[in-house]
$ cat my_file-v4.txt   # compact mmCIF, N, CA and C atoms
# COMPACT_ATOMS: atom_id res chain seq x y z
N MET A 272 36.03 70.01 120.93
CA MET A 272 35.08 69.59 119.91
C MET A 272 34.22 70.77 119.54
N ILE A 273 33.92 70.84 118.27
CA ILE A 273 33.06 71.89 117.73
C ILE A 273 31.88 71.23 117.04
N ALA A 274 30.70 71.81 117.25
CA ALA A 274 29.51 71.34 116.53
C ALA A 274 28.76 72.55 116.01
N LEU A 275 28.41 72.51 114.76
CA LEU A 275 27.60 73.54 114.15
C LEU A 275 26.21 72.94 113.95
N LEU A 276 25.23 73.50 114.66
CA LEU A 276 23.86 72.98 114.60
C LEU A 276 23.02 73.85 113.68
N GLN A 277 22.32 73.23 112.76
CA GLN A 277 21.39 73.94 111.90
C GLN A 277 20.02 73.30 112.03
N ARG A 278 19.02 74.12 112.34
CA ARG A 278 17.65 73.62 112.37
C ARG A 278 17.20 73.48 110.92
N VAL A 279 16.71 72.29 110.57
CA VAL A 279 16.35 72.03 109.18
C VAL A 279 14.93 71.48 109.05
N ALA A 280 14.33 71.74 107.90
CA ALA A 280 13.06 71.11 107.54
C ALA A 280 13.34 69.71 107.02
N SER A 281 14.53 69.55 106.38
CA SER A 281 14.97 68.25 105.90
C SER A 281 16.45 68.34 105.55
N ALA A 282 17.09 67.19 105.50
CA ALA A 282 18.51 67.14 105.10
C ALA A 282 18.85 65.72 104.66
N LYS A 283 19.81 65.63 103.76
CA LYS A 283 20.29 64.30 103.36
C LYS A 283 21.74 64.40 102.92
N VAL A 284 22.40 63.25 102.95
CA VAL A 284 23.79 63.13 102.52
C VAL A 284 23.86 62.09 101.43
N THR A 285 24.55 62.44 100.35
CA THR A 285 24.80 61.48 99.29
C THR A 285 26.31 61.30 99.12
N VAL A 286 26.69 60.09 98.78
CA VAL A 286 28.08 59.75 98.47
C VAL A 286 28.04 58.93 97.20
N ASP A 287 28.78 59.36 96.18
CA ASP A 287 28.78 58.67 94.89
C ASP A 287 27.36 58.47 94.35
N ASP A 288 26.57 59.53 94.44
CA ASP A 288 25.19 59.55 93.94
C ASP A 288 24.24 58.59 94.65
N LYS A 289 24.64 58.10 95.83
CA LYS A 289 23.77 57.23 96.63
C LYS A 289 23.45 57.93 97.94
N THR A 290 22.18 57.95 98.31
CA THR A 290 21.78 58.55 99.58
C THR A 290 22.20 57.63 100.72
N VAL A 291 22.98 58.17 101.66
CA VAL A 291 23.45 57.39 102.79
C VAL A 291 22.74 57.78 104.09
N ALA A 292 22.10 58.94 104.10
CA ALA A 292 21.34 59.39 105.27
C ALA A 292 20.30 60.40 104.79
N ASP A 293 19.13 60.38 105.42
CA ASP A 293 18.03 61.24 104.98
C ASP A 293 17.12 61.48 106.18
N ILE A 294 16.94 62.75 106.56
CA ILE A 294 16.07 63.06 107.70
C ILE A 294 15.01 64.08 107.30
N GLY A 295 13.96 64.12 108.10
CA GLY A 295 12.95 65.15 108.00
C GLY A 295 13.33 66.29 108.93
N ALA A 296 12.36 66.93 109.53
CA ALA A 296 12.60 68.08 110.41
C ALA A 296 13.47 67.68 111.59
N GLY A 297 14.41 68.56 111.92
CA GLY A 297 15.30 68.29 113.04
C GLY A 297 16.56 69.10 112.97
N LEU A 298 17.70 68.43 113.22
CA LEU A 298 19.00 69.09 113.27
C LEU A 298 19.99 68.46 112.29
N LEU A 299 20.67 69.32 111.57
CA LEU A 299 21.85 68.93 110.81
C LEU A 299 23.02 69.38 111.67
N VAL A 300 23.87 68.44 112.07
CA VAL A 300 24.99 68.74 112.96
C VAL A 300 26.29 68.42 112.24
N TYR A 301 27.09 69.48 112.04
CA TYR A 301 28.44 69.31 111.52
C TYR A 301 29.37 69.24 112.72
N ALA A 302 30.22 68.22 112.80
CA ALA A 302 31.06 68.03 113.97
C ALA A 302 32.54 67.96 113.59
N ALA A 303 33.37 68.66 114.37
CA ALA A 303 34.82 68.63 114.18
C ALA A 303 35.47 68.18 115.47
N LEU A 304 36.34 67.19 115.37
CA LEU A 304 37.08 66.70 116.52
C LEU A 304 38.43 67.39 116.55
N GLN A 305 38.84 67.78 117.75
CA GLN A 305 40.09 68.50 117.90
C GLN A 305 41.06 67.73 118.79
N GLN A 306 42.33 68.11 118.72
CA GLN A 306 43.32 67.52 119.60
C GLN A 306 42.87 67.73 121.03
N GLY A 307 43.01 66.70 121.84
CA GLY A 307 42.64 66.81 123.24
C GLY A 307 41.22 66.37 123.54
N ASP A 308 40.40 66.17 122.51
CA ASP A 308 39.04 65.68 122.75
C ASP A 308 39.11 64.25 123.28
N ASP A 309 38.21 63.93 124.20
CA ASP A 309 38.20 62.60 124.79
C ASP A 309 36.76 62.19 125.09
N ALA A 310 36.59 61.11 125.81
CA ALA A 310 35.26 60.57 126.10
C ALA A 310 34.38 61.59 126.81
N SER A 311 34.94 62.35 127.75
CA SER A 311 34.13 63.33 128.47
C SER A 311 33.69 64.46 127.55
N THR A 312 34.54 64.84 126.60
CA THR A 312 34.19 65.86 125.61
C THR A 312 33.00 65.38 124.78
N LEU A 313 33.07 64.14 124.34
CA LEU A 313 32.00 63.57 123.51
C LEU A 313 30.68 63.51 124.28
N MET A 314 30.75 63.08 125.53
CA MET A 314 29.54 62.98 126.35
C MET A 314 28.90 64.36 126.54
N ARG A 315 29.72 65.35 126.87
CA ARG A 315 29.20 66.70 127.12
C ARG A 315 28.58 67.28 125.85
N MET A 316 29.26 67.11 124.71
CA MET A 316 28.71 67.65 123.47
C MET A 316 27.42 66.93 123.10
N GLY A 317 27.37 65.64 123.28
CA GLY A 317 26.15 64.89 122.99
C GLY A 317 24.98 65.38 123.82
N GLU A 318 25.23 65.60 125.10
CA GLU A 318 24.19 66.13 125.99
C GLU A 318 23.71 67.49 125.51
N ARG A 319 24.64 68.35 125.15
CA ARG A 319 24.28 69.70 124.70
C ARG A 319 23.46 69.67 123.42
N ILE A 320 23.89 68.87 122.45
CA ILE A 320 23.17 68.80 121.17
C ILE A 320 21.74 68.34 121.38
N LEU A 321 21.55 67.29 122.15
CA LEU A 321 20.21 66.73 122.33
C LEU A 321 19.32 67.60 123.21
N ALA A 322 19.91 68.45 124.05
CA ALA A 322 19.12 69.28 124.95
C ALA A 322 19.05 70.75 124.54
N TYR A 323 19.84 71.15 123.54
CA TYR A 323 19.89 72.56 123.16
C TYR A 323 18.54 73.01 122.64
N ARG A 324 18.06 74.14 123.14
CA ARG A 324 16.71 74.61 122.82
C ARG A 324 16.75 75.55 121.62
N LEU A 325 16.33 75.03 120.47
CA LEU A 325 16.29 75.86 119.27
C LEU A 325 15.04 75.61 118.42
N PHE A 326 14.03 75.00 119.05
CA PHE A 326 12.76 74.77 118.37
C PHE A 326 11.66 75.56 119.07
N ASP A 327 10.70 75.99 118.29
CA ASP A 327 9.60 76.83 118.76
C ASP A 327 8.74 76.09 119.79
N ASP A 328 8.37 76.81 120.83
CA ASP A 328 7.53 76.23 121.88
C ASP A 328 6.04 76.52 121.68
N GLY A 329 5.70 77.11 120.54
CA GLY A 329 4.30 77.45 120.27
C GLY A 329 3.97 78.90 120.59
N THR A 330 4.88 79.59 121.26
CA THR A 330 4.67 81.00 121.59
C THR A 330 5.67 81.90 120.86
N GLY A 331 6.40 81.31 119.92
CA GLY A 331 7.38 82.09 119.17
C GLY A 331 8.76 82.13 119.81
N ARG A 332 8.96 81.38 120.86
CA ARG A 332 10.27 81.35 121.53
C ARG A 332 10.95 80.00 121.29
N MET A 333 12.27 80.02 121.20
CA MET A 333 13.01 78.77 121.03
C MET A 333 13.25 78.16 122.40
N ASN A 334 12.33 77.33 122.83
CA ASN A 334 12.40 76.72 124.17
C ASN A 334 12.35 75.21 124.15
N LYS A 335 12.38 74.58 122.98
CA LYS A 335 12.30 73.13 122.91
C LYS A 335 13.51 72.55 122.21
N SER A 336 13.92 71.38 122.68
CA SER A 336 15.06 70.67 122.10
C SER A 336 14.58 69.74 120.99
N VAL A 337 15.53 69.19 120.26
CA VAL A 337 15.20 68.24 119.20
C VAL A 337 14.48 67.02 119.75
N THR A 338 14.85 66.60 120.94
CA THR A 338 14.18 65.44 121.53
C THR A 338 12.75 65.77 121.93
N GLU A 339 12.53 66.98 122.42
CA GLU A 339 11.18 67.39 122.84
C GLU A 339 10.22 67.49 121.66
N VAL A 340 10.74 67.89 120.50
CA VAL A 340 9.87 67.99 119.31
C VAL A 340 9.90 66.70 118.50
N GLU A 341 10.65 65.70 119.00
CA GLU A 341 10.80 64.41 118.33
C GLU A 341 11.33 64.55 116.91
N GLY A 342 12.29 65.50 116.75
CA GLY A 342 12.93 65.70 115.46
C GLY A 342 14.02 64.68 115.23
N GLU A 343 14.59 64.73 114.05
CA GLU A 343 15.67 63.81 113.69
C GLU A 343 17.00 64.56 113.71
N VAL A 344 18.09 63.80 113.76
CA VAL A 344 19.44 64.37 113.78
C VAL A 344 20.26 63.72 112.68
N LEU A 345 20.92 64.56 111.89
CA LEU A 345 21.86 64.08 110.88
C LEU A 345 23.24 64.60 111.28
N LEU A 346 24.14 63.69 111.61
CA LEU A 346 25.49 64.02 112.08
C LEU A 346 26.48 63.84 110.93
N VAL A 347 27.24 64.90 110.65
CA VAL A 347 28.20 64.90 109.54
C VAL A 347 29.55 65.36 110.06
N SER A 348 30.60 64.58 109.81
CA SER A 348 31.94 64.99 110.21
C SER A 348 32.42 66.10 109.28
N GLN A 349 33.03 67.14 109.88
CA GLN A 349 33.55 68.25 109.07
C GLN A 349 34.75 68.86 109.77
N PHE A 350 35.93 68.32 109.47
CA PHE A 350 37.15 68.77 110.14
C PHE A 350 37.46 70.23 109.86
N THR A 351 36.95 70.80 108.78
CA THR A 351 37.27 72.18 108.44
C THR A 351 36.75 73.18 109.48
N LEU A 352 35.82 72.76 110.32
CA LEU A 352 35.35 73.65 111.39
C LEU A 352 36.47 73.94 112.39
N ALA A 353 37.45 73.07 112.45
CA ALA A 353 38.57 73.25 113.38
C ALA A 353 39.68 74.13 112.79
N ALA A 354 39.43 74.72 111.65
CA ALA A 354 40.45 75.53 110.98
C ALA A 354 40.78 76.80 111.75
N ASP A 355 42.05 77.16 111.71
CA ASP A 355 42.51 78.45 112.22
C ASP A 355 42.63 79.35 111.00
N THR A 356 41.80 80.38 110.93
CA THR A 356 41.76 81.26 109.77
C THR A 356 42.20 82.68 110.11
N ARG A 357 42.88 82.83 111.23
CA ARG A 357 43.25 84.18 111.68
C ARG A 357 44.34 84.84 110.84
N LYS A 358 45.18 84.04 110.18
CA LYS A 358 46.29 84.62 109.42
C LYS A 358 46.27 84.09 107.99
N GLY A 359 46.77 84.91 107.09
CA GLY A 359 46.99 84.48 105.72
C GLY A 359 45.72 84.17 104.95
N LEU A 360 45.91 83.47 103.84
CA LEU A 360 44.81 83.16 102.93
C LEU A 360 44.56 81.67 102.80
N ARG A 361 45.19 80.89 103.67
CA ARG A 361 44.98 79.45 103.67
C ARG A 361 44.82 78.99 105.11
N ALA A 362 43.81 78.18 105.36
CA ALA A 362 43.52 77.73 106.72
C ALA A 362 44.58 76.76 107.22
N SER A 363 44.80 76.80 108.52
CA SER A 363 45.67 75.84 109.19
C SER A 363 44.77 74.87 109.96
N PHE A 364 45.09 73.59 109.89
CA PHE A 364 44.29 72.58 110.57
C PHE A 364 45.05 71.95 111.73
N SER A 365 45.96 72.70 112.32
CA SER A 365 46.79 72.18 113.38
C SER A 365 45.99 71.83 114.64
N LYS A 366 44.82 72.40 114.82
CA LYS A 366 43.99 72.10 115.99
C LYS A 366 43.15 70.84 115.81
N ALA A 367 42.96 70.42 114.57
CA ALA A 367 42.12 69.25 114.29
C ALA A 367 42.80 67.97 114.77
N ALA A 368 41.98 67.03 115.20
CA ALA A 368 42.51 65.71 115.59
C ALA A 368 43.04 65.01 114.34
N ALA A 369 44.08 64.20 114.51
CA ALA A 369 44.61 63.41 113.40
C ALA A 369 43.51 62.51 112.84
N PRO A 370 43.49 62.27 111.54
CA PRO A 370 42.40 61.52 110.91
C PRO A 370 42.04 60.19 111.58
N GLU A 371 43.05 59.38 111.94
CA GLU A 371 42.75 58.08 112.54
C GLU A 371 42.07 58.24 113.90
N HIS A 372 42.59 59.17 114.67
CA HIS A 372 42.02 59.44 116.00
C HIS A 372 40.63 60.06 115.86
N ALA A 373 40.49 60.98 114.92
CA ALA A 373 39.19 61.65 114.70
C ALA A 373 38.13 60.64 114.28
N ARG A 374 38.50 59.68 113.44
CA ARG A 374 37.53 58.66 113.00
C ARG A 374 37.03 57.85 114.20
N ALA A 375 37.94 57.44 115.06
CA ALA A 375 37.55 56.67 116.25
C ALA A 375 36.65 57.50 117.16
N LEU A 376 37.01 58.77 117.36
CA LEU A 376 36.18 59.65 118.19
C LEU A 376 34.82 59.90 117.56
N PHE A 377 34.79 60.12 116.24
CA PHE A 377 33.52 60.36 115.56
C PHE A 377 32.60 59.15 115.68
N ASP A 378 33.16 57.96 115.48
CA ASP A 378 32.36 56.73 115.61
C ASP A 378 31.81 56.59 117.02
N ARG A 379 32.65 56.88 118.00
CA ARG A 379 32.21 56.80 119.39
C ARG A 379 31.14 57.85 119.68
N PHE A 380 31.32 59.06 119.14
CA PHE A 380 30.34 60.13 119.34
C PHE A 380 29.01 59.76 118.70
N SER A 381 29.07 59.22 117.50
CA SER A 381 27.86 58.78 116.80
C SER A 381 27.14 57.71 117.61
N ASP A 382 27.88 56.74 118.12
CA ASP A 382 27.29 55.68 118.95
C ASP A 382 26.65 56.25 120.20
N THR A 383 27.31 57.24 120.81
CA THR A 383 26.78 57.88 122.02
C THR A 383 25.45 58.56 121.72
N LEU A 384 25.40 59.32 120.63
CA LEU A 384 24.15 59.99 120.27
C LEU A 384 23.04 58.98 119.99
N LYS A 385 23.37 57.93 119.24
CA LYS A 385 22.37 56.92 118.90
C LYS A 385 21.88 56.15 120.13
N THR A 386 22.74 55.97 121.10
CA THR A 386 22.34 55.30 122.34
C THR A 386 21.35 56.16 123.12
N ASN A 387 21.57 57.47 123.09
CA ASN A 387 20.73 58.39 123.86
C ASN A 387 19.51 58.89 123.10
N TYR A 388 19.49 58.70 121.78
CA TYR A 388 18.36 59.18 120.98
C TYR A 388 18.31 58.36 119.69
N ALA A 389 17.21 57.68 119.47
CA ALA A 389 17.10 56.72 118.36
C ALA A 389 17.07 57.37 116.98
N LYS A 390 16.71 58.62 116.89
CA LYS A 390 16.52 59.25 115.58
C LYS A 390 17.78 59.96 115.07
N VAL A 391 18.89 59.24 115.05
CA VAL A 391 20.17 59.81 114.61
C VAL A 391 20.68 59.03 113.41
N GLN A 392 21.07 59.76 112.37
CA GLN A 392 21.73 59.17 111.20
C GLN A 392 23.05 59.89 111.00
N THR A 393 23.96 59.28 110.25
CA THR A 393 25.27 59.90 110.03
C THR A 393 25.67 59.87 108.56
N GLY A 394 26.55 60.80 108.24
CA GLY A 394 27.20 60.77 106.95
C GLY A 394 28.31 59.72 107.00
N VAL A 395 29.24 59.79 106.06
CA VAL A 395 30.33 58.82 105.99
C VAL A 395 31.64 59.55 106.29
N PHE A 396 32.27 59.19 107.39
CA PHE A 396 33.50 59.86 107.80
C PHE A 396 34.55 59.79 106.68
N GLY A 397 35.14 60.93 106.37
CA GLY A 397 36.23 60.98 105.40
C GLY A 397 35.82 60.92 103.94
N ALA A 398 34.54 60.71 103.67
CA ALA A 398 34.09 60.62 102.28
C ALA A 398 33.83 62.02 101.72
N CYS A 399 33.84 62.13 100.42
CA CYS A 399 33.42 63.35 99.76
C CYS A 399 31.89 63.30 99.71
N MET A 400 31.26 64.05 100.59
CA MET A 400 29.80 64.00 100.73
C MET A 400 29.15 65.22 100.11
N GLN A 401 27.97 65.02 99.57
CA GLN A 401 27.14 66.13 99.16
C GLN A 401 26.03 66.21 100.20
N VAL A 402 25.98 67.36 100.88
CA VAL A 402 24.99 67.55 101.93
C VAL A 402 23.93 68.51 101.40
N HIS A 403 22.70 68.03 101.41
CA HIS A 403 21.57 68.83 100.93
C HIS A 403 20.71 69.14 102.15
N SER A 404 20.36 70.42 102.30
CA SER A 404 19.52 70.76 103.45
C SER A 404 18.58 71.90 103.11
N VAL A 405 17.45 71.88 103.80
CA VAL A 405 16.51 72.99 103.74
C VAL A 405 16.49 73.57 105.14
N ASN A 406 17.17 74.72 105.29
CA ASN A 406 17.26 75.35 106.60
C ASN A 406 15.90 75.85 107.03
N ASP A 407 15.64 75.78 108.33
CA ASP A 407 14.39 76.24 108.91
C ASP A 407 14.69 77.45 109.75
N GLY A 408 14.37 78.61 109.26
CA GLY A 408 14.60 79.85 110.00
C GLY A 408 15.27 80.92 109.16
N PRO A 409 16.52 80.86 108.88
CA PRO A 409 17.51 79.88 109.31
C PRO A 409 17.88 80.06 110.78
N VAL A 410 18.18 78.96 111.42
CA VAL A 410 18.64 78.95 112.81
C VAL A 410 19.91 78.11 112.85
N THR A 411 21.03 78.74 113.23
CA THR A 411 22.32 78.08 113.27
C THR A 411 23.06 78.47 114.54
N PHE A 412 23.59 77.47 115.26
CA PHE A 412 24.37 77.73 116.47
C PHE A 412 25.69 76.99 116.41
N TRP A 413 26.73 77.63 116.94
CA TRP A 413 28.08 77.08 117.04
C TRP A 413 28.29 76.68 118.49
N LEU A 414 28.57 75.42 118.76
CA LEU A 414 28.83 74.95 120.11
C LEU A 414 30.26 74.45 120.21
N GLU A 415 30.88 74.75 121.34
CA GLU A 415 32.23 74.24 121.60
C GLU A 415 32.26 73.62 122.98
N VAL A 416 32.97 72.52 123.09
CA VAL A 416 33.20 71.86 124.38
C VAL A 416 34.68 71.59 124.47

$ encode --input "my_file-v4.txt" --output "structure tokens"
Amino acid sequence: MIALLQRVASAKVTVDDKTVADIGAGLLVYAALQQGDDASTLMRMGERILAYRLFDDGTGRMNKSVTEVEGEVLLVSQFTLAADTRKGLRASFSKAAAPEHARALFDRFSDTLKTNYAKVQTGVFGACMQVHSVNDGPVTFWLEV
């Protein structure tokens, strides 16, 4: 599993000109499910996202997690993060989980995050989404489990 975390001042997702998720300060998380991902992968990634220290502690250091600053989380599925771009001019998605399996994993991952932290919203799996964000920093981290 891959997650791209962006610290944001705000973020929202629209589908067909309708807002489906909208957060204030916190994390915009793009998530890609890969072949071989399972329940333990989801649990570990969820723990890392909620505990990862990328917020200011008041002394100019990134020592606080999204939960510690009581920020919000916007989770967006993005299979393109699983792309293999090492060769040629077109990405290969052979590492990505099959769509049906990825949807089930994404739903389970979303439920896991929401169970462990109430301030989580999600985009719409498989939809053509417009993601609007105001990056804070910018601060962006790539996590893999």

$ residues_around --input "my_file-v4.txt" --residues "region 383-400 of chain A" --least-positions-apart "2" --cutoff "5 Å" --atoms "only N, CA and C atoms" --output "list in words"
Thr285, Glu343, Val344, Leu345, Leu346, Val347, Arg379, Phe380, Ser381 and Val402 of chain A

$ residues_near_point --input "my_file-v4.txt" --point "(14.3, 75.1, 117.0)" --cutoff "7 Å" --atoms "all atoms listed in the file" --output "PDB file with N, CA and C atoms, in the coordinates of the input"
ATOM      1  N   ARG A 278      19.020  74.120 112.340  1.00  0.00           N
ATOM      2  CA  ARG A 278      17.650  73.620 112.370  1.00  0.00           C
ATOM      3  C   ARG A 278      17.200  73.480 110.920  1.00  0.00           C
ATOM      4  N   ARG A 324      18.060  74.140 123.140  1.00  0.00           N
ATOM      5  CA  ARG A 324      16.710  74.610 122.820  1.00  0.00           C
ATOM      6  C   ARG A 324      16.750  75.550 121.620  1.00  0.00           C
ATOM      7  N   LEU A 325      16.330  75.030 120.470  1.00  0.00           N
ATOM      8  CA  LEU A 325      16.290  75.860 119.270  1.00  0.00           C
ATOM      9  C   LEU A 325      15.040  75.610 118.420  1.00  0.00           C
ATOM     10  N   PHE A 326      14.030  75.000 119.050  1.00  0.00           N
ATOM     11  CA  PHE A 326      12.760  74.770 118.370  1.00  0.00           C
ATOM     12  C   PHE A 326      11.660  75.560 119.070  1.00  0.00           C
ATOM     13  N   ASP A 327      10.700  75.990 118.290  1.00  0.00           N
ATOM     14  CA  ASP A 327       9.600  76.830 118.760  1.00  0.00           C
ATOM     15  C   ASP A 327       8.740  76.090 119.790  1.00  0.00           C
ATOM     16  N   MET A 333      12.270  80.020 121.200  1.00  0.00           N
ATOM     17  CA  MET A 333      13.010  78.770 121.030  1.00  0.00           C
ATOM     18  C   MET A 333      13.250  78.160 122.400  1.00  0.00           C
ATOM     19  N   ASN A 334      12.330  77.330 122.830  1.00  0.00           N
ATOM     20  CA  ASN A 334      12.400  76.720 124.170  1.00  0.00           C
ATOM     21  C   ASN A 334      12.350  75.210 124.150  1.00  0.00           C
ATOM     22  N   LYS A 335      12.380  74.580 122.980  1.00  0.00           N
ATOM     23  CA  LYS A 335      12.300  73.130 122.910  1.00  0.00           C
ATOM     24  C   LYS A 335      13.510  72.550 122.210  1.00  0.00           C
ATOM     25  N   SER A 336      13.920  71.380 122.680  1.00  0.00           N
ATOM     26  CA  SER A 336      15.060  70.670 122.100  1.00  0.00           C
ATOM     27  C   SER A 336      14.580  69.740 120.990  1.00  0.00           C
ATOM     28  N   VAL A 337      15.530  69.190 120.260  1.00  0.00           N
ATOM     29  CA  VAL A 337      15.200  68.240 119.200  1.00  0.00           C
ATOM     30  C   VAL A 337      14.480  67.020 119.750  1.00  0.00           C
TER      31      VAL A 337
END

$ closest_atom_pairs --input "my_file-v4.txt" --of "region 293-395 of chain A" --to "region 413-416 of chain A" --cutoff "8 Å" --atoms "only C-alpha atoms" --output "JSON lines"
{"residue": "A:Thr312", "atom": "CA", "partner": "A:Val416", "partner_atom": "CA", "distance": 6.2}
{"residue": "A:Arg315", "atom": "CA", "partner": "A:Val416", "partner_atom": "CA", "distance": 7.1}
{"residue": "A:Met316", "atom": "CA", "partner": "A:Val416", "partner_atom": "CA", "distance": 6.2}

$ write_last_selection --input "my_file-v4.txt" --atoms "N, CA and C atoms" --output "PDB file, in the frame of the given file"
ATOM      1  N   THR A 312      34.540  64.840 126.600  1.00  0.00           N
ATOM      2  CA  THR A 312      34.190  65.860 125.610  1.00  0.00           C
ATOM      3  C   THR A 312      33.000  65.380 124.780  1.00  0.00           C
ATOM      4  N   ARG A 315      29.720  65.350 126.870  1.00  0.00           N
ATOM      5  CA  ARG A 315      29.200  66.700 127.120  1.00  0.00           C
ATOM      6  C   ARG A 315      28.580  67.280 125.850  1.00  0.00           C
ATOM      7  N   MET A 316      29.260  67.110 124.710  1.00  0.00           N
ATOM      8  CA  MET A 316      28.710  67.650 123.470  1.00  0.00           C
ATOM      9  C   MET A 316      27.420  66.930 123.100  1.00  0.00           C
TER      10      MET A 316
END

$ axis_aligned_box --input "my_file-v4.txt" --around "region 279-295 of chain A" --padding-each-side "4 Å" --output "lines of an AutoDock Vina configuration file"
center_x = 20.9
center_y = 64.8
center_z = 102.3
size_x = 23.8
size_y = 23.1
size_z = 24.6

$ atom_distance --input "my_file-v4.txt" --atom1 "CA of Ala303 (chain A)" --atom2 "atom C of Val286 (chain A)"
20.7 Å

$ select_by_dssp --input "my_file-v4.txt" --residues "region 335-412 of chain A" --states "strand (DSSP E or B)" --output "tab-separated table (two decimals) with N, CA and C atoms, keeping the file's coordinate frame"
chain	number	residue	atom	x	y	z
A	335	LYS	N	12.38	74.58	122.98
A	335	LYS	CA	12.30	73.13	122.91
A	335	LYS	C	13.51	72.55	122.21
A	343	GLU	N	14.59	64.73	114.05
A	343	GLU	CA	15.67	63.81	113.69
A	343	GLU	C	17.00	64.56	113.71
A	344	VAL	N	18.09	63.80	113.76
A	344	VAL	CA	19.44	64.37	113.78
A	344	VAL	C	20.26	63.72	112.68
A	345	LEU	N	20.92	64.56	111.89
A	345	LEU	CA	21.86	64.08	110.88
A	345	LEU	C	23.24	64.60	111.28
A	346	LEU	N	24.14	63.69	111.61
A	346	LEU	CA	25.49	64.02	112.08
A	346	LEU	C	26.48	63.84	110.93
A	347	VAL	N	27.24	64.90	110.65
A	347	VAL	CA	28.20	64.90	109.54
A	347	VAL	C	29.55	65.36	110.06
A	348	SER	N	30.60	64.58	109.81
A	348	SER	CA	31.94	64.99	110.21
A	348	SER	C	32.42	66.10	109.28
A	355	ASP	N	42.05	77.16	111.71
A	355	ASP	CA	42.51	78.45	112.22
A	355	ASP	C	42.63	79.35	111.00
A	363	SER	N	44.80	76.80	108.52
A	363	SER	CA	45.67	75.84	109.19
A	363	SER	C	44.77	74.87	109.96
A	367	ALA	N	42.96	70.42	114.57
A	367	ALA	CA	42.12	69.25	114.29
A	367	ALA	C	42.80	67.97	114.77
A	391	VAL	N	18.89	59.24	115.05
A	391	VAL	CA	20.17	59.81	114.61
A	391	VAL	C	20.68	59.03	113.41
A	392	GLN	N	21.07	59.76	112.37
A	392	GLN	CA	21.73	59.17	111.20
A	392	GLN	C	23.05	59.89	111.00
A	393	THR	N	23.96	59.28	110.25
A	393	THR	CA	25.27	59.90	110.03
A	393	THR	C	25.67	59.87	108.56
A	401	GLN	N	27.97	65.02	99.57
A	401	GLN	CA	27.14	66.13	99.16
A	401	GLN	C	26.03	66.21	100.20
A	402	VAL	N	25.98	67.36	100.88
A	402	VAL	CA	24.99	67.55	101.93
A	402	VAL	C	23.93	68.51	101.40
A	403	HIS	N	22.70	68.03	101.41
A	403	HIS	CA	21.57	68.83	100.93
A	403	HIS	C	20.71	69.14	102.15
A	404	SER	N	20.36	70.42	102.30
A	404	SER	CA	19.52	70.76	103.45
A	404	SER	C	18.58	71.90	103.11
A	405	VAL	N	17.45	71.88	103.80
A	405	VAL	CA	16.51	72.99	103.74
A	405	VAL	C	16.49	73.57	105.14
A	406	ASN	N	17.17	74.72	105.29
A	406	ASN	CA	17.26	75.35	106.60
A	406	ASN	C	15.90	75.85	107.03
A	407	ASP	N	15.64	75.78	108.33
A	407	ASP	CA	14.39	76.24	108.91
A	407	ASP	C	14.69	77.45	109.75
A	408	GLY	N	14.37	78.61	109.26
A	408	GLY	CA	14.60	79.85	110.00
A	408	GLY	C	15.27	80.92	109.16
A	409	PRO	N	16.52	80.86	108.88
A	409	PRO	CA	17.51	79.88	109.31
A	409	PRO	C	17.88	80.06	110.78
A	410	VAL	N	18.18	78.96	111.42
A	410	VAL	CA	18.64	78.95	112.81
A	410	VAL	C	19.91	78.11	112.85
A	411	THR	N	21.03	78.74	113.23
A	411	THR	CA	22.32	78.08	113.27
A	411	THR	C	23.06	78.47	114.54
A	412	PHE	N	23.59	77.47	115.26
A	412	PHE	CA	24.37	77.73	116.47
A	412	PHE	C	25.69	76.99	116.41

$ residues_around --input "my_file-v4.txt" --residues "region 350-354 of chain A" --least-positions-apart "5" --cutoff "7 Å" --atoms "all atoms listed in the file" --output "mmCIF file with N, CA and C atoms, keeping the file's coordinate frame"
data_model
loop_
_atom_site.group_PDB
_atom_site.id
_atom_site.type_symbol
_atom_site.label_atom_id
_atom_site.label_comp_id
_atom_site.auth_asym_id
_atom_site.auth_seq_id
_atom_site.Cartn_x
_atom_site.Cartn_y
_atom_site.Cartn_z
ATOM 1 N N ILE A 273 33.920 70.840 118.270
ATOM 2 C CA ILE A 273 33.060 71.890 117.730
ATOM 3 C C ILE A 273 31.880 71.230 117.040
ATOM 4 N N ALA A 302 30.220 68.220 112.800
ATOM 5 C CA ALA A 302 31.060 68.030 113.970
ATOM 6 C C ALA A 302 32.540 67.960 113.590
ATOM 7 N N ALA A 303 33.370 68.660 114.370
ATOM 8 C CA ALA A 303 34.820 68.630 114.180
ATOM 9 C C ALA A 303 35.470 68.180 115.470
ATOM 10 N N LEU A 304 36.340 67.190 115.370
ATOM 11 C CA LEU A 304 37.080 66.700 116.520
ATOM 12 C C LEU A 304 38.430 67.390 116.550
ATOM 13 N N GLN A 305 38.840 67.780 117.750
ATOM 14 C CA GLN A 305 40.090 68.500 117.900
ATOM 15 C C GLN A 305 41.060 67.730 118.790
ATOM 16 N N ALA A 362 43.810 78.180 105.360
ATOM 17 C CA ALA A 362 43.520 77.730 106.720
ATOM 18 C C ALA A 362 44.580 76.760 107.220
ATOM 19 N N SER A 363 44.800 76.800 108.520
ATOM 20 C CA SER A 363 45.670 75.840 109.190
ATOM 21 C C SER A 363 44.770 74.870 109.960
ATOM 22 N N PHE A 364 45.090 73.590 109.890
ATOM 23 C CA PHE A 364 44.290 72.580 110.570
ATOM 24 C C PHE A 364 45.050 71.950 111.730
ATOM 25 N N SER A 365 45.960 72.700 112.320
ATOM 26 C CA SER A 365 46.790 72.180 113.380
ATOM 27 C C SER A 365 45.990 71.830 114.640
ATOM 28 N N LYS A 366 44.820 72.400 114.820
ATOM 29 C CA LYS A 366 43.990 72.100 115.990
ATOM 30 C C LYS A 366 43.150 70.840 115.810
ATOM 31 N N ALA A 367 42.960 70.420 114.570
ATOM 32 C CA ALA A 367 42.120 69.250 114.290
ATOM 33 C C ALA A 367 42.800 67.970 114.770
#

$ residues_near_point --input "my_file-v4.txt" --point "(19.6, 71.4, 100.7)" --cutoff "12 Å" --atoms "only C-alpha atoms" --output "VMD selection string"
chain A and resid 277 279 to 285 293 to 295 299 401 to 407
